[in-house]
Amino acid sequence: MIDLKSLTIEKAHEAMNSKEYTARELVGEYLKAIEERNRELNVFLEVFDDVLIQADRADKKFQDGTATLMTGIPVAIKDNILFSGHTVSAGSKILENYKATYDAFVIKKLKDVGAIIIGRTNMDEFAMGVSTENSAYGVTKNPHDINRVPGGSSGGSTAAIAINGALVALGSDTGGSCRQPAAFCGVVGFKPTYGSVSRHGLISMGSSLDVIGSIGKNVADVEILFNTIRGLNDMDSTSISENFFEKRVNKKIIIGIPRDILQTGVDERILTNFNETIKKLEKFGCEIKDIELPYVKYTVPSYYIVTPAEVSANMSRYDGIKYGQSLEGENLRDVYMKSRGVGFGVEVRRRILIGTYVLSHGYYDAYYNKATLIRDLIKNDFKKAFEKVDLILTPTTTGPAFKIGEKVSDPVKMYLEDIFTAPANMTGLPAISVPSGFVEEDGKQLPLGIQFIAPHGREELLFDIGKKFEKIRAN
Ligand code: GLN
C-alpha cells in the first residue's frame, strides 16, 4: 500500500528510482482510488485504456536511466486538452465521442518526460461556469460534501486531486477555473502568466485570457508540473519565452491588501479566515500594506462582455460539419441550426447570444470597446499597486463550496463567483490559490483558499510565498 495522501512528486520519484515500487504499481493505486469514488462523485469522464502501457513506458525509462522527476507521475487532464487518439469533449454534447487528432503542446511535454496521462476530468461545458453544473455529463460532487459543487470549471481536475485520483492535474483558467475549484476542494490551483504555457491544443474559450494551469496537493508539485509544461511554442504566437521570467525572490515580502474589493458580498467566515491569514503572514515577517485597486470592482461586468465576445467567435467552428456531432437537416443552414441547437447547453448559448450582441454593429462601441477600455484601467491599477508591493492577497472565493442547484437559476450569482479570480485573467497576471483553513457547515468541514497575485513573470514569488504559507499554516 502506497500512502497516496502524503505522496509528493519528489517522494514518488525517489521511490520509483530506488525500485521501492514501479510506475505500474503506483498508477495501479491511483486507479483503485478512482474506482472507489468515481461512481459516486463523477470526477473522471474517462480513465484512459492505455494507462498501463504508458506506465510500462515510464518503467523502461527508470530501467535505462532516462527517468526524470515527472516520469511515471499520474496526471489527470481537463476534458478540453487534446491527447491524440483520445476522446476530448470539453464537457459538451456537441463533441461527444470526438477524438483528438493531435497532441496539445502540454501533452507533448508530458509525454517527453514519461508522465502518465491517467484520464480526462469533468468540467463545465467549454469551461464556462463555476460549479461543473454546466457539464453535459452531469455535475461532479465535492469530495468534502457530496451535496455541494466542487467549483468550476476545472472541478473534475481539483476533485481528482482531492480523492487521490491523480498526483497532479491540468486545468484551464480563463476567469478563475483552476483557483476557485481548488479552494472549494482544498487543493492548490495555479494560473500562470498569460502565454507562459502554450494554448496550442487547448480548446479555446476566451483566447485573450485562456491559460493552462496546474493543480496539486501542494505548491511544490504544482511548480514541478508548471515547469514541465511551460515554454515557447512556434504554433502559438501568444506563448512567451522563459527569458521573460524572473527567478529572483525577495527576502522581505511586501503584501498588498485591496480592502476596497473586500467590501461587497463576501461571507463573514471568509473575511475572518482572510484576516487570520494576514496576521499569520505578518507574524512570519511579511510587511502588510493597504492598497487601492479602484477599477477592479468593474472586472466582473467587463469580463462578462469580453469573454462572451471571444466565446461567440470561438464557438462558431462547431457547426455540425467540421467537428463532432452532426444532425441531419433539410439544407446546410438547417444542419447548423439543429447541430448547434442540440449540441450546446444553455450557458454556452447564453454566452453566444451576449457575445454576438456586444460585437454587433451599433453596440460594439457601447459594450465591447468600453469593456476593453476598462480592462486597460484594471491593468493600470495593478501596475501602480506593484510599484508599492511584491504580491497582492485576496480570498480566492466569496464563500465555501455552495450546494448543488443553489445558484443554477441565477447566472449573475454564478458570475459574481469570479470577483477575486477574474482580475488576474483580465490582466494576464499569475496567481495561486492555497488552502487556508476550513469552516464547518452541515457537520462537514469545507475547505477555504486564499489567493496571491504576482506581477507578470514573477511566478517564483508565488511558489516561494505559497510554500512558506503552507508551513506557517501547519505550525
Ligand atoms: N467562471 C468563469 C466563467 O464562467 C471562468 C471560467 C474559466 O476560468 N474557464 O467564465
# chains A, B, ... in the order shown; residues from 1 in each chain; ligands from 1
>>> residues_near_ligand(ligand="ligand 1", cutoff="8 Å", atoms="only C-alpha atoms and all ligand atoms", output="list in words")
Phe126, Ala127, Met128, Gly129, Val130, Gly152, Ser153, Ser154, Ser172, Asp173, Thr174, Gly175, Gly176, Ser177, Cys178, Met205, Asp210, Tyr303, Tyr304, Thr307, Met414, Tyr415, Glu417, Asp418 and Ala422 of chain A
>>> write_last_selection(atoms="N, CA, C and O atoms", output="compact mmCIF listing (two decimals), in the first residue's frame")
# COMPACT_ATOMS: atom_id res chain seq x y z
N PHE A 126 -17.35 23.71 -22.26
CA PHE A 126 -16.40 24.65 -22.86
C PHE A 126 -15.80 25.61 -21.82
O PHE A 126 -15.47 26.75 -22.12
N ALA A 127 -15.73 25.14 -20.58
CA ALA A 127 -15.10 25.88 -19.47
C ALA A 127 -15.89 27.10 -19.01
O ALA A 127 -15.35 28.00 -18.38
N MET A 128 -17.18 27.12 -19.33
CA MET A 128 -17.99 28.26 -18.89
C MET A 128 -18.79 27.88 -17.66
O MET A 128 -19.77 27.14 -17.75
N GLY A 129 -18.35 28.38 -16.51
CA GLY A 129 -19.07 28.07 -15.28
C GLY A 129 -18.16 28.04 -14.07
O GLY A 129 -16.94 28.19 -14.18
N VAL A 130 -18.77 27.85 -12.91
CA VAL A 130 -18.02 27.84 -11.64
C VAL A 130 -18.41 26.66 -10.77
O VAL A 130 -18.14 26.65 -9.58
N GLY A 152 -15.67 25.26 -10.34
CA GLY A 152 -15.51 25.01 -11.77
C GLY A 152 -14.75 26.14 -12.43
O GLY A 152 -14.38 27.09 -11.77
N SER A 153 -14.45 26.06 -13.67
CA SER A 153 -14.91 24.95 -14.48
C SER A 153 -14.05 23.69 -14.37
O SER A 153 -14.49 22.61 -14.75
N SER A 154 -12.84 23.79 -13.79
CA SER A 154 -11.98 22.59 -13.69
C SER A 154 -12.31 21.77 -12.44
O SER A 154 -11.41 21.22 -11.79
N SER A 172 -7.78 24.50 -17.01
CA SER A 172 -7.60 25.73 -17.77
C SER A 172 -8.21 26.84 -16.93
O SER A 172 -9.08 26.58 -16.10
N ASP A 173 -7.69 28.05 -17.11
CA ASP A 173 -8.13 29.16 -16.26
C ASP A 173 -8.34 30.39 -17.14
O ASP A 173 -7.39 30.96 -17.66
N THR A 174 -9.61 30.75 -17.31
CA THR A 174 -9.98 31.89 -18.14
C THR A 174 -10.49 33.03 -17.26
O THR A 174 -10.34 34.21 -17.59
N GLY A 175 -11.09 32.64 -16.11
CA GLY A 175 -11.59 33.65 -15.18
C GLY A 175 -11.45 33.17 -13.74
O GLY A 175 -11.96 33.79 -12.81
N GLY A 176 -10.80 32.03 -13.56
CA GLY A 176 -10.61 31.51 -12.20
C GLY A 176 -10.75 30.00 -12.11
O GLY A 176 -10.73 29.42 -11.01
N SER A 177 -10.87 29.36 -13.24
CA SER A 177 -11.24 27.94 -13.27
C SER A 177 -10.26 26.94 -12.68
O SER A 177 -10.62 25.78 -12.52
N CYS A 178 -9.04 27.35 -12.37
CA CYS A 178 -8.18 26.43 -11.62
C CYS A 178 -8.22 26.80 -10.14
O CYS A 178 -8.18 25.93 -9.27
N MET A 205 -11.70 29.03 -25.19
CA MET A 205 -12.91 29.67 -24.67
C MET A 205 -12.78 31.16 -24.97
O MET A 205 -13.30 31.66 -25.95
N ASP A 210 -7.40 32.75 -21.84
CA ASP A 210 -7.17 31.32 -21.55
C ASP A 210 -5.71 31.01 -21.23
O ASP A 210 -4.81 31.48 -21.93
N TYR A 303 -15.53 41.59 -17.74
CA TYR A 303 -15.18 40.20 -18.09
C TYR A 303 -16.34 39.53 -18.83
O TYR A 303 -16.14 38.81 -19.80
N TYR A 304 -17.57 39.80 -18.35
CA TYR A 304 -18.74 39.16 -18.97
C TYR A 304 -19.22 39.88 -20.24
O TYR A 304 -20.32 39.63 -20.73
N THR A 307 -15.37 38.19 -22.48
CA THR A 307 -15.33 36.73 -22.66
C THR A 307 -16.42 36.23 -23.61
O THR A 307 -16.12 35.50 -24.54
N MET A 414 -23.75 33.21 -10.29
CA MET A 414 -22.61 32.40 -10.74
C MET A 414 -21.46 33.32 -11.17
O MET A 414 -20.31 33.12 -10.81
N TYR A 415 -21.79 34.35 -11.93
CA TYR A 415 -20.75 35.24 -12.46
C TYR A 415 -20.02 35.96 -11.33
O TYR A 415 -18.82 36.22 -11.41
N GLU A 417 -19.18 34.88 -8.60
CA GLU A 417 -18.17 33.98 -8.01
C GLU A 417 -16.75 34.36 -8.44
O GLU A 417 -15.78 34.01 -7.80
N ASP A 418 -16.65 35.03 -9.60
CA ASP A 418 -15.33 35.29 -10.19
C ASP A 418 -14.67 36.57 -9.67
O ASP A 418 -13.60 36.94 -10.14
N ALA A 422 -11.08 36.63 -11.52
CA ALA A 422 -11.04 37.13 -12.91
C ALA A 422 -10.07 38.31 -13.14
O ALA A 422 -9.55 38.45 -14.25
>>> residues_around(residues="region 338-341 of chain A", least_positions_apart="2", cutoff="8 Å", atoms="only C-alpha atoms", output="ChimeraX atom specification")
/A:94,318-320,325-329,334-336,343-344
>>> atom_distance(atom1="CA of Asn134 (chain A)", atom2="CA of Asn273 (chain A)")
29.5 Å
>>> select_by_dssp(residues="region 44-209 of chain A", states="helix (DSSP H, G or I)", output="PyMOL selection string")
chain A and resi 51-64+93-95+105-112+125-127+155-162+179-185
>>> atom_distance(atom1="CA of Phe48 (chain A)", atom2="CA of His200 (chain A)")
21.4 Å
>>> closest_residue(among="A:Gly405, A:Gly119, A:Pro301, A:Pro400", to="Pro181 (chain A)", atoms="only C-alpha atoms")
A:Pro400
>>> closest_residue(among="A:Thr66, A:Thr101, A:Gln54, A:Ser237", to="Ile116 (chain A)", atoms="only C-alpha atoms")
A:Gln54
>>> atom_distance(atom1="CA of Asp442 (chain A)", atom2="CA of Ile270 (chain A)")
16.9 Å
>>> closest_residue(among="A:Ile352, A:Phe105, A:Arg317, A:Lys384", to="Ser239 (chain A)", atoms="only C-alpha atoms")
A:Phe105
>>> closest_residue(among="A:Ala401, A:Ile215, A:Val300, A:Ile305", to="Leu416 (chain A)", atoms="only C-alpha atoms")
A:Val300
>>> residues_around(residues="Ala90 (chain A)", least_positions_apart="3", cutoff="8 Å", atoms="only C-alpha atoms", output="ChimeraX atom specification")
/A:78-80,95,123-127,203
>>> closest_residue(among="A:Lys108, A:Arg333, A:Lys468, A:Lys99", to="Cys286 (chain A)", atoms="only C-alpha atoms")
A:Lys468
>>> select_by_dssp(residues="region 252-454 of chain A", states="strand (DSSP E)", output="VMD selection string")
chain A and resid 254 to 258 287 to 291 391 to 395 431 to 441 444 to 453
>>> closest_residue(among="A:Val346, A:Met70, A:Val43, A:Ile261", to="Asp221 (chain A)", atoms="only C-alpha atoms")
A:Met70
>>> closest_atom_pairs(of="region 293-379 of chain A", to="region 425-439 of chain A", cutoff="10 Å", atoms="only C-alpha atoms", output="CSV")
residue,atom,partner,partner_atom,distance
A:Val296,CA,A:Met426,CA,9.9
A:Thr299,CA,A:Met426,CA,7.6
A:Val300,CA,A:Met426,CA,9.7
A:Ser302,CA,A:Met426,CA,8.9
A:Tyr303,CA,A:Met426,CA,7.1
A:Val306,CA,A:Met426,CA,9.0
A:Thr307,CA,A:Met426,CA,9.6
A:Thr372,CA,A:Met426,CA,9.5
A:Ile374,CA,A:Met426,CA,9.7
A:Arg375,CA,A:Met426,CA,6.2
A:Asp376,CA,A:Thr427,CA,8.1
A:Leu377,CA,A:Thr427,CA,9.7
A:Ile378,CA,A:Thr427,CA,7.2
A:Lys379,CA,A:Thr427,CA,5.3
>>> residues_around(residues="Ala76 (chain A)", least_positions_apart="6", cutoff="7 Å", atoms="only C-alpha atoms", output="list in words")
Ile117, Ile118, Gly119, Arg120, Thr121, Ser157, Ala166, Val168, Ala169 and Leu170 of chain A
>>> residues_around(residues="Asn218 (chain A)", least_positions_apart="4", cutoff="12 Å", atoms="only C-alpha atoms", output="MDAnalysis selection string")
chainID A and resid 5:10 161:162 167:169 182 186:190 214 222:225 432:435 463 466:471
